[in-house]
Structures are given as structure tokens and as C-alpha cells.
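Source file start.txt; content: compact mmCIF, C-alpha atoms and all ligand atoms.
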```txt
# COMPACT_ATOMS: atom_id res chain seq x y z
CA MET U 1 -58.95 42.74 -114.48
CA ASP U 2 -57.43 40.05 -112.27
CA GLY U 3 -59.90 40.38 -109.42
CA GLN U 4 -57.16 41.49 -107.02
CA THR U 5 -57.34 44.87 -105.36
CA LYS U 6 -54.23 46.89 -106.13
CA PRO U 7 -53.36 49.04 -103.15
CA LEU U 8 -52.73 52.68 -103.99
CA THR U 9 -49.69 54.45 -102.60
CA ARG U 10 -51.96 57.20 -101.32
CA THR U 11 -55.62 58.16 -101.01
CA VAL U 12 -57.19 59.47 -104.21
CA ASN U 13 -60.53 61.24 -104.52
CA LEU U 14 -61.87 61.35 -108.03
CA ILE U 15 -64.89 62.48 -109.99
CA LEU U 16 -66.28 60.66 -113.01
CA LEU U 17 -67.84 63.33 -115.18
CA GLY U 18 -69.97 62.61 -118.22
CA PRO U 19 -73.49 62.64 -119.63
CA PRO U 20 -76.16 60.10 -118.63
CA GLY U 21 -75.32 56.78 -120.23
CA ALA U 22 -71.58 57.54 -120.46
CA GLY U 23 -70.86 54.47 -118.36
CA LYS U 24 -69.91 56.20 -115.11
CA GLY U 25 -71.59 53.58 -112.95
CA THR U 26 -70.06 50.66 -114.87
CA GLN U 27 -66.57 52.11 -114.69
CA ALA U 28 -66.95 53.20 -111.07
CA GLU U 29 -67.74 49.59 -110.16
CA ILE U 30 -64.57 48.37 -111.91
CA LEU U 31 -62.47 51.04 -110.19
CA VAL U 32 -63.96 50.00 -106.85
CA GLU U 33 -62.98 46.40 -107.51
CA THR U 34 -59.53 47.28 -108.79
CA PHE U 35 -58.43 49.86 -106.25
CA GLY U 36 -60.85 49.57 -103.34
CA PHE U 37 -62.42 53.00 -103.77
CA LYS U 38 -65.70 53.88 -102.12
CA GLN U 39 -68.30 54.82 -104.74
CA LEU U 40 -70.62 57.71 -103.97
CA SER U 41 -73.42 57.78 -106.56
CA THR U 42 -75.98 60.48 -105.84
CA GLY U 43 -78.31 58.81 -108.39
CA ASP U 44 -78.19 55.53 -106.40
CA MET U 45 -78.68 57.38 -103.12
CA LEU U 46 -81.70 59.26 -104.49
CA ARG U 47 -83.22 56.06 -105.95
CA ALA U 48 -82.71 54.31 -102.59
CA ALA U 49 -84.50 57.20 -100.85
CA LYS U 50 -87.32 57.02 -103.40
CA ASN U 51 -87.69 53.24 -103.07
CA SER U 52 -87.74 53.31 -99.30
CA GLY U 53 -90.41 56.01 -99.39
CA THR U 54 -88.61 58.56 -97.22
CA GLU U 55 -90.06 62.07 -97.26
CA MET U 56 -87.10 63.30 -99.29
CA GLY U 57 -87.44 60.32 -101.65
CA ASN U 58 -91.07 61.17 -102.33
CA ARG U 59 -90.16 64.80 -102.93
CA VAL U 60 -87.49 64.03 -105.54
CA ALA U 61 -89.26 61.19 -107.38
CA GLY U 62 -91.12 63.43 -109.85
CA VAL U 63 -88.06 65.58 -110.55
CA MET U 64 -86.02 62.49 -111.40
CA GLU U 65 -88.75 61.03 -113.58
CA ARG U 66 -88.82 64.24 -115.59
CA GLY U 67 -85.05 64.05 -116.06
CA GLU U 68 -84.44 67.31 -114.19
CA LEU U 69 -81.91 67.89 -111.43
CA VAL U 70 -82.90 67.70 -107.78
CA THR U 71 -81.85 70.66 -105.61
CA ASP U 72 -78.21 71.27 -104.81
CA GLU U 73 -79.13 71.37 -101.13
CA ILE U 74 -80.40 67.78 -101.13
CA VAL U 75 -77.49 66.21 -102.99
CA VAL U 76 -74.85 68.22 -101.15
CA GLY U 77 -76.45 67.03 -97.88
CA LEU U 78 -76.22 63.41 -99.05
CA ILE U 79 -72.56 63.80 -99.99
CA GLU U 80 -71.71 65.61 -96.75
CA GLU U 81 -73.01 62.65 -94.74
CA GLN U 82 -70.89 60.24 -96.76
CA LEU U 83 -67.69 62.28 -96.54
CA ALA U 84 -67.66 61.57 -92.83
CA THR U 85 -67.35 57.82 -93.52
CA VAL U 86 -64.10 55.92 -93.97
CA ALA U 87 -62.70 55.48 -97.48
CA ALA U 88 -59.14 54.26 -97.14
CA SER U 89 -58.40 54.34 -100.89
CA GLY U 90 -60.58 57.39 -101.51
CA PHE U 91 -63.97 58.32 -102.92
CA ILE U 92 -65.29 58.08 -106.47
CA PHE U 93 -67.94 60.69 -107.06
CA ASP U 94 -70.35 59.32 -109.67
CA GLY U 95 -73.06 61.71 -110.86
CA PHE U 96 -71.91 64.43 -108.47
CA PRO U 97 -71.22 67.33 -108.79
CA ARG U 98 -73.70 68.20 -111.53
CA THR U 99 -73.78 71.98 -111.15
CA LEU U 100 -71.17 74.65 -110.47
CA ALA U 101 -72.77 75.28 -107.06
CA GLN U 102 -72.32 71.57 -106.21
CA ALA U 103 -68.71 71.71 -107.37
CA ASP U 104 -68.02 74.69 -105.11
CA ALA U 105 -69.78 72.96 -102.21
CA LEU U 106 -67.70 69.81 -102.72
CA GLY U 107 -64.50 71.85 -102.71
CA THR U 108 -65.50 73.48 -99.42
CA LEU U 109 -66.52 70.17 -97.81
CA LEU U 110 -63.29 68.45 -98.80
CA GLU U 111 -61.25 71.35 -97.51
CA LYS U 112 -63.15 71.30 -94.21
CA THR U 113 -62.43 67.59 -93.74
CA GLY U 114 -58.77 67.97 -94.74
CA GLN U 115 -59.24 66.05 -98.01
CA SER U 116 -58.34 66.89 -101.57
CA LEU U 117 -59.86 66.42 -104.98
CA ASP U 118 -57.18 64.71 -107.03
CA ILE U 119 -58.64 63.83 -110.43
CA VAL U 120 -61.69 64.65 -112.50
CA ILE U 121 -62.10 62.30 -115.43
CA GLU U 122 -64.27 63.48 -118.29
CA MET U 123 -65.83 60.50 -120.09
CA GLN U 124 -66.23 61.56 -123.72
CA VAL U 125 -69.12 60.01 -125.66
CA ASP U 126 -71.30 60.83 -128.67
CA ASP U 127 -74.76 62.08 -127.72
CA ALA U 128 -76.30 59.96 -130.47
CA ALA U 129 -75.03 56.75 -128.88
CA LEU U 130 -76.34 57.69 -125.45
CA VAL U 131 -80.04 57.49 -126.20
CA GLU U 132 -79.45 54.08 -127.79
CA ARG U 133 -77.49 52.87 -124.74
CA ILE U 134 -80.15 53.98 -122.29
CA VAL U 135 -83.04 52.56 -124.29
CA GLY U 136 -81.01 49.34 -124.63
CA ARG U 137 -80.41 49.23 -120.87
CA ALA U 138 -84.18 49.54 -120.28
CA GLU U 139 -84.96 46.81 -122.82
CA LYS U 140 -82.40 44.45 -121.30
CA ALA U 141 -83.79 44.97 -117.80
CA ARG U 142 -87.34 44.44 -119.02
CA ALA U 143 -86.38 41.22 -120.85
CA ALA U 144 -84.65 39.92 -117.71
CA GLY U 145 -87.72 40.69 -115.61
CA GLN U 146 -85.78 43.31 -113.66
CA PRO U 147 -87.11 46.71 -112.65
CA VAL U 148 -86.65 49.41 -115.28
CA ARG U 149 -85.50 52.86 -114.13
CA ALA U 150 -88.38 55.32 -114.47
CA ASP U 151 -86.08 57.77 -116.27
CA ASP U 152 -84.60 55.28 -118.76
CA ASN U 153 -86.64 56.11 -121.85
CA ALA U 154 -86.06 58.16 -125.00
CA GLU U 155 -88.28 61.08 -123.90
CA THR U 156 -86.69 61.57 -120.47
CA MET U 157 -83.25 61.11 -122.00
CA THR U 158 -83.78 64.32 -123.99
CA SER U 159 -84.31 66.27 -120.74
CA ARG U 160 -81.43 64.50 -119.01
CA LEU U 161 -79.08 65.36 -121.87
CA ALA U 162 -80.29 68.97 -121.92
CA ALA U 163 -79.70 69.21 -118.14
CA TYR U 164 -76.22 67.80 -118.67
CA HIS U 165 -75.27 70.25 -121.41
CA GLU U 166 -76.72 73.28 -119.63
CA GLN U 167 -75.82 72.61 -116.02
CA THR U 168 -73.06 70.00 -115.86
CA ALA U 169 -70.87 70.47 -118.94
CA PRO U 170 -69.54 73.83 -117.62
CA LEU U 171 -67.73 71.78 -114.97
CA ILE U 172 -65.28 70.61 -117.64
CA ALA U 173 -63.80 74.11 -117.98
CA TYR U 174 -64.10 74.65 -114.22
CA TYR U 175 -61.92 71.65 -113.43
CA ARG U 176 -59.59 72.22 -116.37
CA GLU U 177 -58.77 75.58 -114.82
CA LYS U 178 -58.04 73.86 -111.52
CA ASP U 179 -55.65 71.59 -113.39
CA VAL U 180 -57.25 68.32 -112.30
CA LEU U 181 -59.08 67.42 -115.53
CA LYS U 182 -58.27 64.32 -117.57
CA SER U 183 -60.30 62.96 -120.48
CA VAL U 184 -60.91 59.47 -121.78
CA ASP U 185 -62.59 58.25 -124.93
CA ALA U 186 -65.58 56.45 -123.42
CA MET U 187 -66.90 54.98 -126.67
CA GLY U 188 -66.06 51.35 -127.36
CA ASP U 189 -64.78 48.43 -125.36
CA ILE U 190 -65.54 48.53 -121.59
CA ASP U 191 -62.22 46.85 -120.67
CA ARG U 192 -60.18 49.28 -122.77
CA ILE U 193 -61.92 52.24 -121.12
CA ALA U 194 -61.29 50.63 -117.71
CA ARG U 195 -57.60 50.28 -118.52
CA ASP U 196 -57.40 53.93 -119.57
CA LEU U 197 -59.06 55.02 -116.33
CA GLY U 198 -56.83 52.73 -114.26
CA ALA U 199 -53.74 54.18 -115.92
CA ILE U 200 -54.83 57.71 -115.00
CA VAL U 201 -55.33 56.67 -111.38
CA THR U 202 -51.96 54.93 -111.04
CA ASP U 203 -50.24 57.79 -112.84
CA VAL U 204 -51.53 60.28 -110.32
CA THR U 205 -50.47 58.18 -107.33
CA ASP U 206 -47.01 57.53 -108.78
CA THR U 207 -46.19 61.19 -109.18
P1 LIG U 301 -77.58 59.27 -115.10
O1 LIG U 301 -76.17 59.75 -114.90
O2 LIG U 301 -77.65 57.99 -115.85
O3 LIG U 301 -78.49 60.33 -115.64
P2 LIG U 301 -78.01 59.07 -112.22
O4 LIG U 301 -78.36 57.77 -111.64
O5 LIG U 301 -76.68 59.65 -111.90
O6 LIG U 301 -78.24 58.90 -113.76
O7 LIG U 301 -79.11 60.18 -111.82
C1 LIG U 301 -80.48 59.99 -112.05
C2 LIG U 301 -81.26 61.26 -111.67
O8 LIG U 301 -81.04 61.58 -110.29
C3 LIG U 301 -80.85 62.53 -112.41
O9 LIG U 301 -81.47 62.66 -113.67
C4 LIG U 301 -81.29 63.60 -111.41
O10 LIG U 301 -82.68 63.80 -111.44
C5 LIG U 301 -80.94 62.98 -110.08
N1 LIG U 301 -79.57 63.32 -109.64
C6 LIG U 301 -78.53 62.45 -109.47
N2 LIG U 301 -77.41 63.09 -109.05
C7 LIG U 301 -77.75 64.41 -108.97
C8 LIG U 301 -77.04 65.60 -108.63
N3 LIG U 301 -75.75 65.55 -108.27
N4 LIG U 301 -77.70 66.78 -108.66
C9 LIG U 301 -78.99 66.85 -109.00
N5 LIG U 301 -79.73 65.77 -109.35
C10 LIG U 301 -79.12 64.56 -109.34
```
Could the structure of this file be written out as C-alpha cells, please?
Amino acid sequence: MDGQTKPLTRTVNLILLGPPGAGKGTQAEILVETFGFKQLSTGDMLRAAKNSGTEMGNRVAGVMERGELVTDEIVVGLIEEQLATVAASGFIFDGFPRTLAQADALGTLLEKTGQSLDIVIEMQVDDAALVERIVGRAEKARAAGQPVRADDNAETMTSRLAAYHEQTAPLIAYYREKDVLKSVDAMGDIDRIARDLGAIVTDVTDT
């Protein structure tokens, strides 16, 4: 990437869909830098609530540490607040929606605010690599003296992956039917994956 924001010819709202460890956060950051999107990560919002000790944060802490999903009501509320903010290039939804109910709620919220959902990008990865990536992320953080996410360990990963396959993976068919689904091979070089994602975004705005 050249460090320059490339203006889009129109606003694009997109979802990055994929299991924990697929690299959604990493790629969202690159897309933000490249196109000026506003990233909405429900995981980051929930961790911020937990760290600042809000009542909601305290309520969800245990659920997150067990690798389960927090209630649809809480995350939809967080997203609803954010949809009222300005995002000239559009929003990237990272880690949301994670259930069919959340997907329906997002559709309704966007419609209410006169916005559209333009692209859903499925990041395809091998489950076997995911546990390794997450355990590696925890080890790196620990070695650098940085805080380690309470849910970044092999045991919790099993629950997070199960939650993904049971509750989130059905969204792939849901969005395929709505004709907004694209897929990228998310194994391998970060820059190559970023280029593939960037090409999908520019393709959609050019048509
Ligand atoms: P990852 O994608 O690496 O699993 P996230 O940072 O997106 O991590 O989420 C961490 C945890 O926060 C999840 O395991 C879950 O407990 C909670 N969470 C985040 N987003 C949602 C959501 N949309 N619905 C329910 N729970 C969520």
C-alpha cells in the first residue's frame, strides 16, 4: 500500500465475515487506511466496555472469556449507536453480524437510515491454522509485554470456532442468496489478501 487514501466513487458498506483468527481486524485496518472506511468492530467495542468497567462490560466479560456469543440485543445496540455517526466512505463491519438475527437487525437498521449493504466478503481459512494463529498472537503479545486477550488460548478457541460454525457460518448462504457475497482465500500473504480485498471494493464502486 502507498499510504495514500484512495477516494471511492461512492459510499460502500461492507462486512468482513470469517472465523476467529481469519485476519478480519488486520485487513479491516488496511482497508481503513486505503479507502478511509470507518471500522466497526463489536469485539473491540465489547473489550472497551469490559476494560472501562461499565455495567454492560462486566456483564459480558465472562461470556467472552468462555468464547460464547454475547446477546444479540447488546451488539445490535452498539451497532445502532455507531450507524448514526458519519462514515463518508462507508462502514466496515468486523465481527458483526454473527447470528442470523443480527444480520436481519442490521438489514433493518440500514434500511431505516437510508443506507445499503454493498458487499459481504467471506475470508476463507483452514480451521487447523486458526488455533495456531491465535496461540501465536497470544505468545507474541506476552513476549512484547503487552496485554493478552483473555480469550486467546487453545481451549477458548475451540468454543469460539464452534460458535462460528454453529451460529455465524449460516450467514454465508444468507448473503449468497442476497447476491452480495464474495470470497477471498485468506491463507497466506497479508499484502496479497489485502490486494484481493481492495480489488473487490474498487470493482463494486466501478460498476
Ligand atoms: P474474534 O473474531 O477473534 O473471535 P472478536 O474480537 O470479534 O474476536 O470477538 C471477541 C468476542 O466478543 C467473541 O468471542 C464474542 O464473545 C464477543 N462478540 C464480538 N462480536 C460479537 C457479536 N457480533 N455477537 C456476539 N458476540 C460478539
*asked:* Give me the residues near Thr207 in chain U as a VMD selection string, where near means some atom within 12 Å (using only C-alpha atoms) and where sequence neighbours in that chain fewer than 6 positions away do not count.
replied: chain U and resid 8 to 10 118 200 to 201
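Atom pair CA of Phe96 in chain U / CA of Gly43 in chain U has a distance of 8.5 Å (rounded to one decimal).
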Report as a Markdown table the residues of chain U within 10 Å of ligand LIG 301 (chain U), each with its shortest atom pair and distance in Å (one decimal), using all atoms listed in the file, ordered by chain and increasing residue number.
```
| residue | atom | partner | partner_atom | distance |
| --- | --- | --- | --- | --- |
| U:Leu17 | CA | U:LIG301 | O1 | 9.1 |
| U:Gly18 | CA | U:LIG301 | O1 | 7.6 |
| U:Pro19 | CA | U:LIG301 | O1 | 6.2 |
| U:Pro20 | CA | U:LIG301 | O1 | 3.7 |
| U:Gly21 | CA | U:LIG301 | O2 | 5.1 |
| U:Ala22 | CA | U:LIG301 | O1 | 7.5 |
| U:Gly23 | CA | U:LIG301 | O2 | 8.0 |
| U:Lys24 | CA | U:LIG301 | O1 | 7.2 |
| U:Gly25 | CA | U:LIG301 | O1 | 7.9 |
| U:Ser41 | CA | U:LIG301 | O5 | 6.5 |
| U:Thr42 | CA | U:LIG301 | N2 | 4.4 |
| U:Gly43 | CA | U:LIG301 | O4 | 3.4 |
| U:Asp44 | CA | U:LIG301 | O4 | 5.7 |
| U:Met45 | CA | U:LIG301 | C6 | 8.1 |
| U:Leu46 | CA | U:LIG301 | O8 | 6.3 |
| U:Arg47 | CA | U:LIG301 | O8 | 7.4 |
| U:Val60 | CA | U:LIG301 | O10 | 7.6 |
| U:Ala61 | CA | U:LIG301 | O10 | 8.2 |
| U:Gly62 | CA | U:LIG301 | O10 | 8.6 |
| U:Val63 | CA | U:LIG301 | O10 | 5.7 |
| U:Met64 | CA | U:LIG301 | O10 | 3.6 |
| U:Glu65 | CA | U:LIG301 | O10 | 7.0 |
| U:Arg66 | CA | U:LIG301 | O10 | 7.4 |
| U:Gly67 | CA | U:LIG301 | O9 | 4.5 |
| U:Glu68 | CA | U:LIG301 | O10 | 4.8 |
| U:Leu69 | CA | U:LIG301 | N5 | 3.7 |
| U:Val70 | CA | U:LIG301 | N5 | 4.0 |
| U:Thr71 | CA | U:LIG301 | C9 | 5.8 |
| U:Asp72 | CA | U:LIG301 | N4 | 5.9 |
| U:Glu73 | CA | U:LIG301 | N4 | 8.9 |
| U:Ile74 | CA | U:LIG301 | C9 | 8.0 |
| U:Val75 | CA | U:LIG301 | N3 | 5.6 |
| U:Val76 | CA | U:LIG301 | N3 | 7.7 |
| U:Leu78 | CA | U:LIG301 | N3 | 9.5 |
| U:Ile79 | CA | U:LIG301 | N3 | 9.0 |
| U:Phe93 | CA | U:LIG301 | N3 | 9.3 |
| U:Asp94 | CA | U:LIG301 | O5 | 6.7 |
| U:Gly95 | CA | U:LIG301 | O5 | 4.3 |
| U:Phe96 | CA | U:LIG301 | N3 | 4.0 |
| U:Pro97 | CA | U:LIG301 | N3 | 4.9 |
| U:Arg98 | CA | U:LIG301 | N3 | 4.7 |
| U:Thr99 | CA | U:LIG301 | N4 | 7.0 |
| U:Ala101 | CA | U:LIG301 | N4 | 10.0 |
| U:Gln102 | CA | U:LIG301 | N3 | 7.2 |
| U:Ala103 | CA | U:LIG301 | N3 | 9.4 |
| U:Leu130 | CA | U:LIG301 | O2 | 9.7 |
| U:Ile134 | CA | U:LIG301 | O2 | 8.0 |
| U:Arg149 | CA | U:LIG301 | C1 | 9.0 |
| U:Ala150 | CA | U:LIG301 | C1 | 9.5 |
| U:Asp151 | CA | U:LIG301 | O9 | 7.2 |
| U:Asp152 | CA | U:LIG301 | O2 | 8.0 |
| U:Thr156 | CA | U:LIG301 | O9 | 8.6 |
| U:Met157 | CA | U:LIG301 | O3 | 8.0 |
| U:Ser159 | CA | U:LIG301 | O9 | 8.4 |
| U:Arg160 | CA | U:LIG301 | O9 | 5.6 |
| U:Leu161 | CA | U:LIG301 | O3 | 8.0 |
| U:Ala163 | CA | U:LIG301 | O9 | 8.1 |
| U:Tyr164 | CA | U:LIG301 | O3 | 8.4 |
| U:Gln167 | CA | U:LIG301 | N4 | 9.6 |
| U:Thr168 | CA | U:LIG301 | N4 | 9.2 |
```
*asked:* Taking 5 positions as the minimum chain separation for residues in the same chain, which residues sit within 12 Å of Ile190 in chain U when counting all atoms listed in the file? Answer as a ChimeraX atom specification.
replied: /U:1,22-30,184-185,195-197
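With all atoms listed in the file as the atoms that count, the minimum distance from Tyr175 in chain U to the choices U:Leu100, U:Ile92, U:Val12, U:Leu31 is reached by U:Leu100.
CA of Ile119 in chain U sits 11.9 Å away from CA of Ile172 in chain U.
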*For the atom pair CA of Glu177 in chain U and CA of Thr108 in chain U, what is the interatomic distance in Å to one decimal place?*
16.9 Å
_Contacts of Ser116 in chain U within 12 Å, only C-alpha atoms, excl. fewer than 5 positions in-chain, as an MDAnalysis selection string_ = chainID U and resid 10:15 83 90:91 106:111 180
Keeping only C-alpha atoms, write those residues as a short mmCIF file (atom, residue, chain, number, x, y, z; two decimals), in the coordinates of the input.
```cif
data_model
loop_
_atom_site.label_atom_id
_atom_site.label_comp_id
_atom_site.auth_asym_id
_atom_site.auth_seq_id
_atom_site.Cartn_x
_atom_site.Cartn_y
_atom_site.Cartn_z
CA ARG U 10 -51.96 57.20 -101.32
CA THR U 11 -55.62 58.16 -101.01
CA VAL U 12 -57.19 59.47 -104.21
CA ASN U 13 -60.53 61.24 -104.52
CA LEU U 14 -61.87 61.35 -108.03
CA ILE U 15 -64.89 62.48 -109.99
CA LEU U 83 -67.69 62.28 -96.54
CA GLY U 90 -60.58 57.39 -101.51
CA PHE U 91 -63.97 58.32 -102.92
CA LEU U 106 -67.70 69.81 -102.72
CA GLY U 107 -64.50 71.85 -102.71
CA THR U 108 -65.50 73.48 -99.42
CA LEU U 109 -66.52 70.17 -97.81
CA LEU U 110 -63.29 68.45 -98.80
CA GLU U 111 -61.25 71.35 -97.51
CA VAL U 180 -57.25 68.32 -112.30
#
```
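Within 10 Å of the file-frame point (-74.5, 53.4, -125.0), and using all atoms listed in the file, the polymer residues found are Pro20, Gly21, Ala22, Gly23, Val125, Asp126, Asp127, Ala128, Ala129, Leu130, Val131, Glu132, Arg133, Ile134, Val135, Gly136, Arg137, Ala186, Met187 and Gly188 of chain U.
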